[in-house]
file data-v3.cif (mmCIF, C-alpha atoms and all ligand atoms)
data_entry
loop_
_atom_site.label_atom_id
_atom_site.label_comp_id
_atom_site.auth_asym_id
_atom_site.auth_seq_id
_atom_site.Cartn_x
_atom_site.Cartn_y
_atom_site.Cartn_z
CA MET A 182 -3.63 14.28 -7.58
CA LEU A 183 -7.04 12.94 -6.86
CA THR A 184 -8.46 13.60 -3.43
CA LYS A 185 -7.08 14.68 -0.08
CA PHE A 186 -8.85 14.31 3.21
CA ALA A 187 -7.77 17.72 4.41
CA THR A 188 -6.24 21.00 3.33
CA ARG A 189 -2.43 21.13 3.34
CA HIS A 190 -0.26 23.72 5.04
CA PHE A 191 3.51 23.91 4.78
CA SER A 192 6.25 24.01 7.41
CA SER A 193 9.14 26.38 6.64
CA THR A 194 11.73 23.88 7.96
CA ALA A 195 10.70 21.06 5.64
CA SER A 196 13.33 18.95 3.94
CA THR A 197 12.45 18.15 0.35
CA ALA A 198 15.14 15.72 -0.85
CA TYR A 199 14.43 12.03 -0.47
CA LYS A 200 15.68 8.66 -1.62
CA VAL A 201 12.89 6.29 -2.66
CA SER A 202 13.55 2.62 -3.42
CA VAL A 203 11.12 0.45 -5.37
CA LEU A 204 11.56 -3.32 -4.89
CA GLY A 205 9.94 -5.20 -7.76
CA ALA A 206 10.38 -2.15 -9.99
CA ALA A 207 10.18 -3.97 -13.32
CA GLY A 208 6.78 -5.55 -12.68
CA GLY A 209 3.31 -4.58 -13.79
CA ILE A 210 2.95 -2.21 -10.83
CA GLY A 211 6.65 -1.46 -10.40
CA GLN A 212 7.16 0.17 -13.79
CA PRO A 213 4.33 2.73 -13.77
CA LEU A 214 4.87 3.30 -10.04
CA SER A 215 8.54 4.07 -10.66
CA LEU A 216 7.53 6.41 -13.46
CA LEU A 217 5.13 8.27 -11.16
CA MET A 218 7.77 8.51 -8.42
CA LYS A 219 10.13 10.02 -11.00
CA LEU A 220 7.54 12.77 -11.44
CA ASN A 221 7.45 13.53 -7.69
CA HIS A 222 9.67 16.56 -7.10
CA LYS A 223 10.49 15.56 -3.51
CA VAL A 224 12.29 12.49 -4.82
CA THR A 225 15.94 13.25 -5.58
CA GLN A 226 17.23 9.65 -5.72
CA LEU A 227 15.13 6.88 -7.21
CA SER A 228 16.48 3.40 -6.77
CA LEU A 229 14.91 0.57 -8.77
CA TYR A 230 15.47 -3.07 -7.82
CA ASP A 231 14.12 -6.21 -9.47
CA LEU A 232 15.28 -9.76 -10.11
CA ARG A 233 15.32 -8.83 -13.81
CA LEU A 234 15.29 -5.65 -15.87
CA GLY A 235 15.95 -3.26 -12.97
CA ALA A 236 18.74 -1.53 -14.88
CA GLY A 237 16.70 -1.37 -18.08
CA VAL A 238 13.69 0.24 -16.45
CA ALA A 239 15.97 2.66 -14.60
CA THR A 240 17.77 3.73 -17.79
CA ASP A 241 14.45 4.29 -19.53
CA ILE A 242 12.98 6.38 -16.70
CA SER A 243 16.26 8.26 -16.15
CA HIS A 244 15.77 10.20 -19.41
CA ILE A 245 12.83 12.09 -17.93
CA PRO A 246 14.04 15.58 -17.00
CA THR A 247 13.02 15.84 -13.36
CA ASN A 248 15.44 16.61 -10.54
CA SER A 249 16.35 13.05 -9.52
CA THR A 250 18.95 10.47 -10.35
CA VAL A 251 17.64 7.01 -11.21
CA THR A 252 19.71 3.88 -10.59
CA GLY A 253 18.75 0.32 -11.40
CA PHE A 254 19.87 -2.82 -9.61
CA GLY A 255 19.55 -6.58 -9.89
CA PRO A 256 20.49 -9.30 -7.42
CA GLU A 257 24.11 -9.42 -8.66
CA ASP A 258 26.90 -7.33 -7.03
CA ASN A 259 24.98 -6.82 -3.79
CA GLY A 260 22.34 -4.92 -5.76
CA LEU A 261 19.60 -5.13 -3.13
CA ALA A 262 21.83 -3.65 -0.44
CA LYS A 263 22.88 -0.83 -2.74
CA ALA A 264 19.30 -0.18 -3.82
CA LEU A 265 18.18 0.17 -0.20
CA ASP A 266 21.19 1.97 1.24
CA GLY A 267 19.97 5.06 3.10
CA ALA A 268 16.46 5.02 1.61
CA ASP A 269 13.81 7.24 3.19
CA VAL A 270 10.89 5.39 1.63
CA VAL A 271 10.84 1.77 0.43
CA LEU A 272 7.95 0.66 -1.79
CA ILE A 273 7.45 -3.11 -2.11
CA PRO A 274 5.36 -4.31 -5.07
CA ALA A 275 7.49 -7.48 -5.53
CA GLY A 276 5.63 -10.76 -5.77
CA VAL A 277 3.16 -12.69 -7.87
CA PRO A 278 -0.32 -11.38 -8.74
CA ARG A 279 -3.60 -13.32 -8.78
CA LYS A 280 -5.14 -15.27 -11.64
CA PRO A 281 -8.93 -15.76 -12.01
CA GLY A 282 -10.31 -18.06 -9.31
CA MET A 283 -7.61 -17.21 -6.77
CA THR A 284 -8.00 -15.21 -3.56
CA ARG A 285 -5.26 -12.88 -2.35
CA ASP A 286 -4.60 -15.40 0.41
CA ASP A 287 -3.70 -17.96 -2.27
CA LEU A 288 -0.63 -15.79 -2.99
CA PHE A 289 0.66 -16.25 0.55
CA ASN A 290 2.86 -19.29 -0.12
CA THR A 291 4.84 -17.50 -2.82
CA ASN A 292 4.84 -13.93 -1.62
CA ALA A 293 5.47 -14.48 2.10
CA SER A 294 9.09 -15.50 1.60
CA ILE A 295 9.70 -12.79 -1.02
CA VAL A 296 8.45 -10.10 1.34
CA ARG A 297 10.27 -11.62 4.34
CA ASP A 298 13.61 -11.56 2.50
CA LEU A 299 13.15 -8.01 1.21
CA ALA A 300 12.20 -6.89 4.73
CA LYS A 301 15.40 -8.46 6.10
CA ALA A 302 17.43 -6.46 3.59
CA ALA A 303 15.52 -3.28 4.42
CA ALA A 304 16.20 -3.87 8.14
CA ASP A 305 19.92 -4.14 7.40
CA HIS A 306 20.35 -1.35 4.85
CA SER A 307 17.56 1.19 5.39
CA PRO A 308 16.47 0.69 9.01
CA ASN A 309 14.99 4.19 9.24
CA ALA A 310 12.94 4.01 6.07
CA ALA A 311 9.18 4.14 5.87
CA ILE A 312 8.23 0.77 4.37
CA LEU A 313 5.14 0.70 2.14
CA VAL A 314 3.92 -2.84 1.45
CA ILE A 315 1.92 -3.43 -1.73
CA SER A 316 2.55 -7.18 -2.21
CA ASN A 317 -0.46 -9.34 -1.40
CA PRO A 318 -1.96 -10.58 0.79
CA VAL A 319 -1.40 -7.20 2.49
CA ASN A 320 -3.29 -8.34 5.62
CA SER A 321 -0.50 -10.91 6.15
CA THR A 322 2.55 -9.39 4.42
CA VAL A 323 2.52 -6.31 6.67
CA PRO A 324 2.72 -8.45 9.85
CA ILE A 325 5.51 -10.44 8.16
CA VAL A 326 7.54 -7.25 7.69
CA ALA A 327 6.82 -6.24 11.30
CA GLU A 328 8.06 -9.59 12.65
CA VAL A 329 11.24 -9.43 10.58
CA LEU A 330 11.99 -5.90 11.75
CA LYS A 331 11.28 -6.88 15.37
CA ALA A 332 13.68 -9.82 15.11
CA LYS A 333 16.33 -7.44 13.75
CA GLY A 334 15.64 -4.92 16.55
CA VAL A 335 14.66 -2.10 14.19
CA TYR A 336 10.85 -2.21 14.23
CA ASN A 337 9.29 1.23 14.19
CA PRO A 338 5.49 0.85 14.04
CA LYS A 339 5.20 4.44 12.86
CA LYS A 340 7.03 3.60 9.66
CA LEU A 341 5.30 0.48 8.41
CA PHE A 342 2.30 0.82 6.09
CA GLY A 343 0.10 -1.56 4.15
CA VAL A 344 -0.97 0.29 1.02
CA THR A 345 -4.78 0.19 0.87
CA THR A 346 -5.14 3.36 -1.21
CA LEU A 347 -6.53 1.50 -4.20
CA ASP A 348 -9.64 0.72 -2.15
CA VAL A 349 -10.00 4.45 -1.48
CA LEU A 350 -9.57 5.28 -5.16
CA ARG A 351 -12.13 2.66 -6.19
CA SER A 352 -14.57 3.93 -3.59
CA SER A 353 -14.38 7.47 -4.96
CA ARG A 354 -14.83 6.24 -8.50
CA PHE A 355 -17.60 3.70 -7.92
CA LEU A 356 -19.56 6.00 -5.59
CA SER A 357 -19.39 8.79 -8.17
CA GLU A 358 -20.77 6.42 -10.78
CA VAL A 359 -23.90 5.65 -8.75
CA ALA A 360 -24.29 9.18 -7.36
CA LYS A 361 -23.57 10.76 -10.76
CA THR A 362 -21.01 13.13 -9.31
CA ASN A 363 -17.39 14.08 -10.02
CA PRO A 364 -15.16 11.38 -8.44
CA VAL A 365 -12.52 13.98 -7.65
CA HIS A 366 -14.88 15.35 -4.99
CA GLU A 367 -15.90 12.00 -3.51
CA ILE A 368 -13.81 11.16 -0.46
CA VAL A 369 -14.56 7.82 1.18
CA PRO A 370 -12.68 6.54 4.23
CA VAL A 371 -12.02 2.80 3.83
CA VAL A 372 -11.14 0.89 6.98
CA GLY A 373 -10.26 -2.68 8.00
CA GLY A 374 -7.89 -4.50 5.68
CA HIS A 375 -7.22 -5.19 2.01
CA SER A 376 -9.15 -8.26 0.89
CA GLY A 377 -12.82 -8.91 0.21
CA ILE A 378 -14.95 -8.55 3.32
CA THR A 379 -12.11 -6.93 5.31
CA ILE A 380 -12.45 -3.86 3.04
CA VAL A 381 -15.03 -1.63 4.75
CA PRO A 382 -15.98 1.62 2.98
CA LEU A 383 -17.66 4.16 5.26
CA ILE A 384 -20.25 5.54 2.85
CA SER A 385 -22.13 7.09 5.80
CA GLN A 386 -19.26 9.56 6.11
CA THR A 387 -19.87 10.93 2.60
CA ASN A 388 -22.65 13.12 1.23
CA HIS A 389 -24.49 9.99 0.09
CA LYS A 390 -25.83 8.55 3.34
CA ASN A 391 -29.22 7.68 1.96
CA LEU A 392 -28.56 5.53 -1.07
CA PRO A 393 -31.33 2.99 -1.72
CA LYS A 394 -30.44 -0.28 0.04
CA GLU A 395 -29.96 -2.23 -3.19
CA THR A 396 -27.66 0.46 -4.60
CA TYR A 397 -25.72 0.65 -1.33
CA ASP A 398 -25.27 -3.14 -1.11
CA ALA A 399 -24.10 -3.36 -4.72
CA LEU A 400 -21.70 -0.45 -4.21
CA VAL A 401 -20.12 -1.96 -1.10
CA HIS A 402 -19.77 -5.32 -2.85
CA ARG A 403 -18.14 -3.68 -5.87
CA ILE A 404 -15.62 -1.86 -3.66
CA GLN A 405 -14.83 -5.01 -1.68
CA PHE A 406 -14.37 -7.12 -4.80
CA GLY A 407 -13.12 -4.47 -7.24
CA GLY A 408 -9.80 -6.30 -7.52
CA ASP A 409 -11.63 -9.33 -8.95
CA GLU A 410 -13.07 -7.18 -11.76
CA VAL A 411 -9.57 -6.44 -12.98
CA VAL A 412 -8.32 -10.00 -12.47
CA GLN A 413 -11.25 -11.29 -14.58
CA ALA A 414 -10.82 -8.63 -17.26
CA LYS A 415 -7.10 -9.42 -17.62
CA GLY A 416 -7.97 -13.11 -18.06
CA GLY A 417 -4.94 -14.65 -16.34
CA ALA A 418 -2.42 -11.94 -17.22
CA GLY A 419 -2.39 -10.41 -13.73
CA SER A 420 -4.30 -7.99 -11.55
CA ALA A 421 -4.56 -4.21 -11.16
CA THR A 422 -1.28 -2.55 -12.09
CA LEU A 423 -1.95 0.94 -13.48
CA SER A 424 -4.61 2.01 -10.97
CA MET A 425 -2.42 0.46 -8.27
CA ALA A 426 0.57 2.46 -9.45
CA GLN A 427 -1.50 5.63 -9.13
CA ALA A 428 -2.64 4.52 -5.67
CA GLY A 429 0.91 3.69 -4.58
CA ALA A 430 2.27 6.97 -5.90
CA ARG A 431 -0.46 8.91 -4.13
CA PHE A 432 0.23 7.16 -0.84
CA ALA A 433 4.04 7.45 -1.17
CA GLY A 434 3.56 11.13 -2.02
CA ALA A 435 1.52 11.58 1.14
CA VAL A 436 4.21 9.85 3.23
CA LEU A 437 6.85 12.13 1.69
CA ASN A 438 4.70 15.17 2.36
CA GLY A 439 4.45 14.08 5.99
CA LEU A 440 8.20 13.47 6.26
CA ALA A 441 8.73 16.93 4.79
CA GLY A 442 6.76 18.52 7.61
CA GLU A 443 3.61 19.40 5.72
CA GLN A 444 0.58 19.50 7.98
CA ASP A 445 -2.75 17.67 7.92
CA ILE A 446 -1.68 14.92 5.54
CA VAL A 447 -4.27 12.21 6.03
CA GLU A 448 -4.65 8.90 4.20
CA CYS A 449 -6.11 5.53 5.09
CA SER A 450 -3.52 2.81 5.68
CA PHE A 451 -3.16 -0.64 7.27
CA VAL A 452 -0.90 0.04 10.24
CA ASP A 453 0.05 -1.25 13.68
CA SER A 454 -3.00 0.21 15.34
CA PRO A 455 -4.29 0.57 18.89
CA LEU A 456 -7.93 0.66 17.73
CA TYR A 457 -8.78 -3.03 18.25
CA LYS A 458 -5.58 -4.40 19.84
CA SER A 459 -7.50 -5.34 22.99
CA GLU A 460 -9.56 -7.67 20.77
CA GLY A 461 -6.42 -9.22 19.25
CA VAL A 462 -6.37 -7.19 16.01
CA GLU A 463 -2.78 -5.95 15.83
CA PHE A 464 -3.06 -4.18 12.47
CA PHE A 465 -6.03 -2.24 11.16
CA SER A 466 -6.60 0.31 8.44
CA SER A 467 -8.13 3.66 9.29
CA LYS A 468 -7.43 7.31 8.61
CA VAL A 469 -3.86 8.13 9.62
CA THR A 470 -2.23 11.56 9.88
CA LEU A 471 1.28 11.41 8.44
CA GLY A 472 4.14 13.43 9.89
CA VAL A 473 7.91 13.84 10.04
CA ASP A 474 8.29 10.51 11.86
CA GLY A 475 5.76 8.57 9.79
CA VAL A 476 2.47 7.90 11.58
CA LYS A 477 1.59 10.97 13.62
CA GLN A 478 -1.93 10.05 14.62
CA ILE A 479 -4.23 7.10 14.06
CA HIS A 480 -7.85 8.19 13.87
CA GLY A 481 -10.80 6.29 15.23
CA LEU A 482 -13.56 5.27 12.86
CA GLY A 483 -16.07 7.94 13.89
CA ASN A 484 -19.80 7.29 13.85
CA LEU A 485 -20.82 4.13 12.06
CA THR A 486 -24.19 2.84 10.90
CA ASN A 487 -25.32 -0.57 12.15
CA ALA A 488 -24.42 -2.06 8.78
CA GLU A 489 -20.91 -0.58 8.91
CA GLU A 490 -20.40 -1.75 12.47
CA GLU A 491 -21.39 -5.25 11.43
CA MET A 492 -18.93 -5.15 8.53
CA VAL A 493 -16.14 -3.97 10.84
CA ASN A 494 -16.86 -6.84 13.23
CA THR A 495 -16.76 -9.38 10.41
CA ALA A 496 -13.52 -7.81 9.11
CA LYS A 497 -11.90 -8.09 12.53
CA GLU A 498 -12.49 -11.87 12.69
CA THR A 499 -10.76 -12.42 9.34
CA LEU A 500 -7.99 -9.94 10.09
CA ILE A 501 -7.03 -11.75 13.30
CA LYS A 502 -6.50 -14.94 11.27
CA ASN A 503 -4.66 -13.20 8.40
CA ILE A 504 -2.34 -11.39 10.81
CA GLU A 505 -1.66 -14.52 12.82
CA LYS A 506 -0.77 -16.36 9.61
CA GLY A 507 1.91 -13.78 8.79
CA VAL A 508 3.31 -13.77 12.32
CA ASN A 509 3.45 -17.60 12.44
CA PHE A 510 5.15 -17.75 9.06
CA VAL A 511 8.09 -15.70 10.32
CA LYS A 512 8.25 -17.66 13.57
CA GLN A 513 8.40 -20.96 11.65
CA ASN A 514 10.55 -19.66 8.77
CA PRO A 515 12.82 -17.00 10.26
N1 LIG A 601 -1.97 -3.49 -2.27
C1 LIG A 601 -2.73 -3.48 -3.34
O1 LIG A 601 -3.75 -2.79 -3.37
C2 LIG A 601 -2.38 -4.28 -4.54
C3 LIG A 601 -1.42 -5.24 -4.48
N2 LIG A 601 -1.06 -5.96 -5.60
C4 LIG A 601 -0.02 -6.99 -5.44
O2 LIG A 601 1.22 -6.47 -5.90
C5 LIG A 601 2.08 -7.55 -6.26
C6 LIG A 601 2.75 -7.29 -7.59
O3 LIG A 601 1.81 -7.27 -8.64
P1 LIG A 601 2.29 -7.03 -10.17
O4 LIG A 601 3.21 -5.89 -10.26
O5 LIG A 601 1.06 -7.03 -10.99
O6 LIG A 601 3.11 -8.39 -10.44
P2 LIG A 601 4.21 -8.65 -11.57
O7 LIG A 601 4.41 -10.12 -11.63
O8 LIG A 601 3.88 -7.93 -12.81
O9 LIG A 601 5.51 -7.95 -10.97
C7 LIG A 601 6.14 -8.40 -9.82
C8 LIG A 601 7.61 -8.09 -9.95
O10 LIG A 601 8.23 -8.51 -8.74
C9 LIG A 601 9.49 -9.03 -9.10
N3 LIG A 601 9.99 -9.88 -8.02
C10 LIG A 601 9.60 -11.12 -7.66
N4 LIG A 601 10.34 -11.56 -6.63
C11 LIG A 601 11.20 -10.56 -6.32
C12 LIG A 601 12.22 -10.40 -5.36
N5 LIG A 601 12.52 -11.37 -4.49
N6 LIG A 601 12.89 -9.24 -5.35
C13 LIG A 601 12.59 -8.26 -6.22
N7 LIG A 601 11.65 -8.35 -7.16
C14 LIG A 601 10.97 -9.50 -7.21
C15 LIG A 601 9.26 -9.77 -10.41
O11 LIG A 601 10.48 -9.97 -11.11
C16 LIG A 601 8.31 -8.81 -11.11
O12 LIG A 601 9.00 -7.89 -11.92
C17 LIG A 601 1.19 -8.79 -6.25
O13 LIG A 601 1.40 -9.51 -5.06
C18 LIG A 601 -0.21 -8.22 -6.27
O14 LIG A 601 -1.16 -9.09 -5.71
C19 LIG A 601 -1.66 -5.73 -6.80
C20 LIG A 601 -2.63 -4.76 -6.91
C21 LIG A 601 -3.09 -4.00 -5.80
O1 LIG A 602 -7.08 -8.06 -6.60
C1 LIG A 602 -5.86 -8.29 -6.54
O2 LIG A 602 -5.36 -9.41 -6.44
C2 LIG A 602 -4.95 -7.12 -6.55
C3 LIG A 602 -5.39 -6.16 -5.53
O3 LIG A 602 -5.05 -6.26 -4.38
C4 LIG A 602 -6.41 -5.19 -5.93
O4 LIG A 602 -6.61 -4.96 -7.13
O5 LIG A 602 -7.03 -4.61 -5.03
#
call {"tool": "encode", "arguments": {"input": "data-v3.cif", "output": "structure tokens"}}
result
Amino acid sequence: MLTKFATRHFSSTASTAYKVSVLGAAGGIGQPLSLLMKLNHKVTQLSLYDLRLGAGVATDISHIPTNSTVTGFGPEDNGLAKALDGADVVLIPAGVPRKPGMTRDDLFNTNASIVRDLAKAAADHSPNAAILVISNPVNSTVPIVAEVLKAKGVYNPKKLFGVTTLDVLRSSRFLSEVAKTNPVHEIVPVVGGHSGITIVPLISQTNHKNLPKETYDALVHRIQFGGDEVVQAKGGAGSATLSMAQAGARFAGAVLNGLAGEQDIVECSFVDSPLYKSEGVEFFSSKVTLGVDGVKQIHGLGNLTNAEEEMVNTAKETLIKNIEKGVNFVKQNP
């Protein structure tokens, strides 16, 4: 694995057998993510659902000799219900990716209903699962899932996560490139949300507080718009898939480690957060300690520079609108 925010200790009572369901498992992210989950030894049942090719991907991955069964499902024969039944962790990378010139918000019209419907099924068939939302725009799809779960009476804010780990991975990598260090040792908290200016890397909390202003500004911009680099490079064929699979597998692994009772498991994630609720920001990404019930503790941002504080304030304004958009969508399209 790449980086961890803290040392891990183990609880002797930990359970280590989990069912993980991937919804959208045959997609650009879904396939490598499913592969990486097959390599996680805590996963004993891997359930792969997609509108197409779910069974094919599952059969392929099932030949890997790790200690899990792999089952594939499509929409026929109540496949979604079966895929979700009793899941401990549900990963959702279903939905369309960006093309050059689009923002993540441009995906809202297509992905909102996909995520809403998958959340309804998760509420019915795996109401206790930790739900990890990858589908964009994350700043809005996470509130969509929350509203659906609330309407179904099964909302547990400790078990809903927007996956922002790719921003953390990029921060480690891009910072190491300018600082000429080993990225494995660069740990950068990234707070806010997951789109453009809502992505706020806290470089002041690394060993590289005094980067020249021009270098710092370029680094922050590259982290905030790193997704665009991949969208441009793929020239219309999609967005980040392989690095996202690694990010998703790292975050799902951390959630499983928390569920298993391991201590001091800390990752950044976009969660139902008390940090700025009084200002109307219902969800916010910050460092979160993961535990047996999901979120164990949401950490404050710590000391910020003036520049970081300004970025957080700007992020909050956009987040309020993105979150409201998701909430309104479910109200108007239950
Ligand atoms: N959170 C993050 O950091 C990132 C999020 N993403 C987002 O992840 C999503 C997926 O991206 P890709 O895998 O590249 O797209 P893709 O188009 O390659 O795969 C999406 C898959 O979802 C499936 N799908 C669509 N509707 C479905 C439904 N109702 N039920 C089940 N499966 C369904 C499709 O059949 C397809 O296999 C996009 O919205 C993208 O923007 C991408 C990169 C990073
Ligand atoms: O840029 C995109 O559309 C996909 C994404 O969320 C990322 O790569 O961070």
call {"tool": "residues_near_ligand", "arguments": {"input": "data-v3.cif", "ligand": "ligand LIG 601 (chain A)", "cutoff": "8 Å", "atoms": "all atoms listed in the file", "output": "ChimeraX atom specification"}}
result
/A:204-211,230-234,256,274-279,285,288,292,295-296,298-299,314-319,343-348,375,408,419-422,425,428
call {"tool": "write_last_selection", "arguments": {"input": "data-v3.cif", "atoms": "C-alpha atoms", "output": "compact mmCIF listing (two decimals), in the coordinates of the input"}}
result
# COMPACT_ATOMS: atom_id res chain seq x y z
CA LEU A 204 11.56 -3.32 -4.89
CA GLY A 205 9.94 -5.20 -7.76
CA ALA A 206 10.38 -2.15 -9.99
CA ALA A 207 10.18 -3.97 -13.32
CA GLY A 208 6.78 -5.55 -12.68
CA GLY A 209 3.31 -4.58 -13.79
CA ILE A 210 2.95 -2.21 -10.83
CA GLY A 211 6.65 -1.46 -10.40
CA TYR A 230 15.47 -3.07 -7.82
CA ASP A 231 14.12 -6.21 -9.47
CA LEU A 232 15.28 -9.76 -10.11
CA ARG A 233 15.32 -8.83 -13.81
CA LEU A 234 15.29 -5.65 -15.87
CA PRO A 256 20.49 -9.30 -7.42
CA PRO A 274 5.36 -4.31 -5.07
CA ALA A 275 7.49 -7.48 -5.53
CA GLY A 276 5.63 -10.76 -5.77
CA VAL A 277 3.16 -12.69 -7.87
CA PRO A 278 -0.32 -11.38 -8.74
CA ARG A 279 -3.60 -13.32 -8.78
CA ARG A 285 -5.26 -12.88 -2.35
CA LEU A 288 -0.63 -15.79 -2.99
CA ASN A 292 4.84 -13.93 -1.62
CA ILE A 295 9.70 -12.79 -1.02
CA VAL A 296 8.45 -10.10 1.34
CA ASP A 298 13.61 -11.56 2.50
CA LEU A 299 13.15 -8.01 1.21
CA VAL A 314 3.92 -2.84 1.45
CA ILE A 315 1.92 -3.43 -1.73
CA SER A 316 2.55 -7.18 -2.21
CA ASN A 317 -0.46 -9.34 -1.40
CA PRO A 318 -1.96 -10.58 0.79
CA VAL A 319 -1.40 -7.20 2.49
CA GLY A 343 0.10 -1.56 4.15
CA VAL A 344 -0.97 0.29 1.02
CA THR A 345 -4.78 0.19 0.87
CA THR A 346 -5.14 3.36 -1.21
CA LEU A 347 -6.53 1.50 -4.20
CA ASP A 348 -9.64 0.72 -2.15
CA HIS A 375 -7.22 -5.19 2.01
CA GLY A 408 -9.80 -6.30 -7.52
CA GLY A 419 -2.39 -10.41 -13.73
CA SER A 420 -4.30 -7.99 -11.55
CA ALA A 421 -4.56 -4.21 -11.16
CA THR A 422 -1.28 -2.55 -12.09
CA MET A 425 -2.42 0.46 -8.27
CA ALA A 428 -2.64 4.52 -5.67
call {"tool": "atom_distance", "arguments": {"input": "data-v3.cif", "atom1": "CA of Tyr336 in chain A", "atom2": "CA of Ala304 in chain A"}}
result
8.3 Å
call {"tool": "closest_residue", "arguments": {"input": "data-v3.cif", "among": "A:Arg351, A:Lys219, A:Arg431, A:His366", "to": "Ile404 in chain A", "atoms": "all atoms listed in the file"}}
result
A:Arg351
call {"tool": "residues_around", "arguments": {"input": "data-v3.cif", "residues": "Gln386 in chain A", "least_positions_apart": "6", "cutoff": "9 Å", "atoms": "all atoms listed in the file", "output": "list of chain:residue names"}}
result
A:Ile368, A:Val369, A:Pro370, A:Gly483, A:Asn484, A:Leu485
call {"tool": "closest_atom_pairs", "arguments": {"input": "data-v3.cif", "of": "range 240-304 of chain A", "to": "range 496-506 of chain A", "cutoff": "10 Å", "atoms": "all atoms listed in the file", "output": "JSON lines"}}
result
{"residue": "A:Asp286", "atom": "CA", "partner": "A:Asn503", "partner_atom": "CA", "distance": 8.3}
{"residue": "A:Phe289", "atom": "CA", "partner": "A:Lys506", "partner_atom": "CA", "distance": 9.2}
{"residue": "A:Ala293", "atom": "CA", "partner": "A:Lys506", "partner_atom": "CA", "distance": 9.9}
call {"tool": "atom_distance", "arguments": {"input": "data-v3.cif", "atom1": "CA of Thr470 in chain A", "atom2": "CA of Val436 in chain A"}}
result
9.4 Å
call {"tool": "atom_distance", "arguments": {"input": "data-v3.cif", "atom1": "CA of Lys477 in chain A", "atom2": "CA of Thr495 in chain A"}}
result
27.6 Å
call {"tool": "closest_residue", "arguments": {"input": "data-v3.cif", "among": "A:Ser450, A:Asn259, A:Thr387, A:Gln413", "to": "Lys340 in chain A", "atoms": "all atoms listed in the file"}}
result
A:Ser450
call {"tool": "residues_around", "arguments": {"input": "data-v3.cif", "residues": "range 405-407 of chain A", "least_positions_apart": "2", "cutoff": "8 Å", "atoms": "only C-alpha atoms", "output": "ChimeraX atom specification"}}
result
/A:348,351,376-381,401-403,409-411
call {"tool": "closest_residue", "arguments": {"input": "data-v3.cif", "among": "A:Asn309, A:Gly260, A:Glu491, A:Val371", "to": "Ser466 in chain A", "atoms": "all atoms listed in the file"}}
result
A:Val371
call {"tool": "axis_aligned_box", "arguments": {"input": "data-v3.cif", "around": "range 349-352 of chain A", "padding_each_side": "5 Å", "output": "JSON"}}
result
{"center_x": -12.1, "center_y": 4.0, "center_z": -3.8, "size_x": 15.0, "size_y": 12.6, "size_z": 14.7}
call {"tool": "closest_residue", "arguments": {"input": "data-v3.cif", "among": "A:Lys200, A:Lys390, A:Lys415, A:Lys301", "to": "ligand LIG 602 (chain A)", "atoms": "only C-alpha atoms and all ligand atoms"}}
result
A:Lys415
call {"tool": "closest_residue", "arguments": {"input": "data-v3.cif", "among": "A:Gly461, A:Pro324, A:Gly235, A:Gly417", "to": "ligand LIG 602 (chain A)", "atoms": "only C-alpha atoms and all ligand atoms"}}
result
A:Gly417
call {"tool": "residues_around", "arguments": {"input": "data-v3.cif", "residues": "Ser243 in chain A", "least_positions_apart": "6", "cutoff": "10 Å", "atoms": "only C-alpha atoms", "output": "PyMOL selection string"}}
result
chain A and resi 216+219+227+237+249-253
call {"tool": "decode", "arguments": {"input": "data-v3.cif", "residues": "range 390-415 of chain A", "atoms": "C-alpha atoms", "output": "PDB file, in the first residue's frame"}}
result
ATOM      1  CA  LYS A 390       5.868  24.353   4.135  1.00  0.00           C
ATOM      2  CA  ASN A 391       8.174  26.778   2.402  1.00  0.00           C
ATOM      3  CA  LEU A 392       7.836  26.021  -1.277  1.00  0.00           C
ATOM      4  CA  PRO A 393       8.383  29.100  -3.475  1.00  0.00           C
ATOM      5  CA  LYS A 394       5.012  30.768  -4.127  1.00  0.00           C
ATOM      6  CA  GLU A 395       5.004  29.981  -7.843  1.00  0.00           C
ATOM      7  CA  THR A 396       5.796  26.308  -7.181  1.00  0.00           C
ATOM      8  CA  TYR A 397       3.150  26.134  -4.449  1.00  0.00           C
ATOM      9  CA  ASP A 398       0.456  27.736  -6.626  1.00  0.00           C
ATOM     10  CA  ALA A 399       1.227  25.414  -9.546  1.00  0.00           C
ATOM     11  CA  LEU A 400       1.207  22.384  -7.231  1.00  0.00           C
ATOM     12  CA  VAL A 401      -2.165  23.248  -5.710  1.00  0.00           C
ATOM     13  CA  HIS A 402      -3.631  23.873  -9.162  1.00  0.00           C
ATOM     14  CA  ARG A 403      -2.296  20.538 -10.428  1.00  0.00           C
ATOM     15  CA  ILE A 404      -3.842  18.678  -7.478  1.00  0.00           C
ATOM     16  CA  GLN A 405      -7.182  20.459  -7.886  1.00  0.00           C
ATOM     17  CA  PHE A 406      -7.326  19.808 -11.626  1.00  0.00           C
ATOM     18  CA  GLY A 407      -5.399  16.518 -11.815  1.00  0.00           C
ATOM     19  CA  GLY A 408      -8.531  14.775 -13.068  1.00  0.00           C
ATOM     20  CA  ASP A 409      -8.530  17.032 -16.138  1.00  0.00           C
ATOM     21  CA  GLU A 410      -4.995  15.881 -17.035  1.00  0.00           C
ATOM     22  CA  VAL A 411      -6.255  12.327 -17.394  1.00  0.00           C
ATOM     23  CA  VAL A 412      -9.459  13.332 -19.191  1.00  0.00           C
ATOM     24  CA  GLN A 413      -7.372  15.300 -21.735  1.00  0.00           C
ATOM     25  CA  ALA A 414      -4.807  12.524 -22.143  1.00  0.00           C
ATOM     26  CA  LYS A 415      -7.528   9.924 -22.790  1.00  0.00           C
TER      27      LYS A 415
END
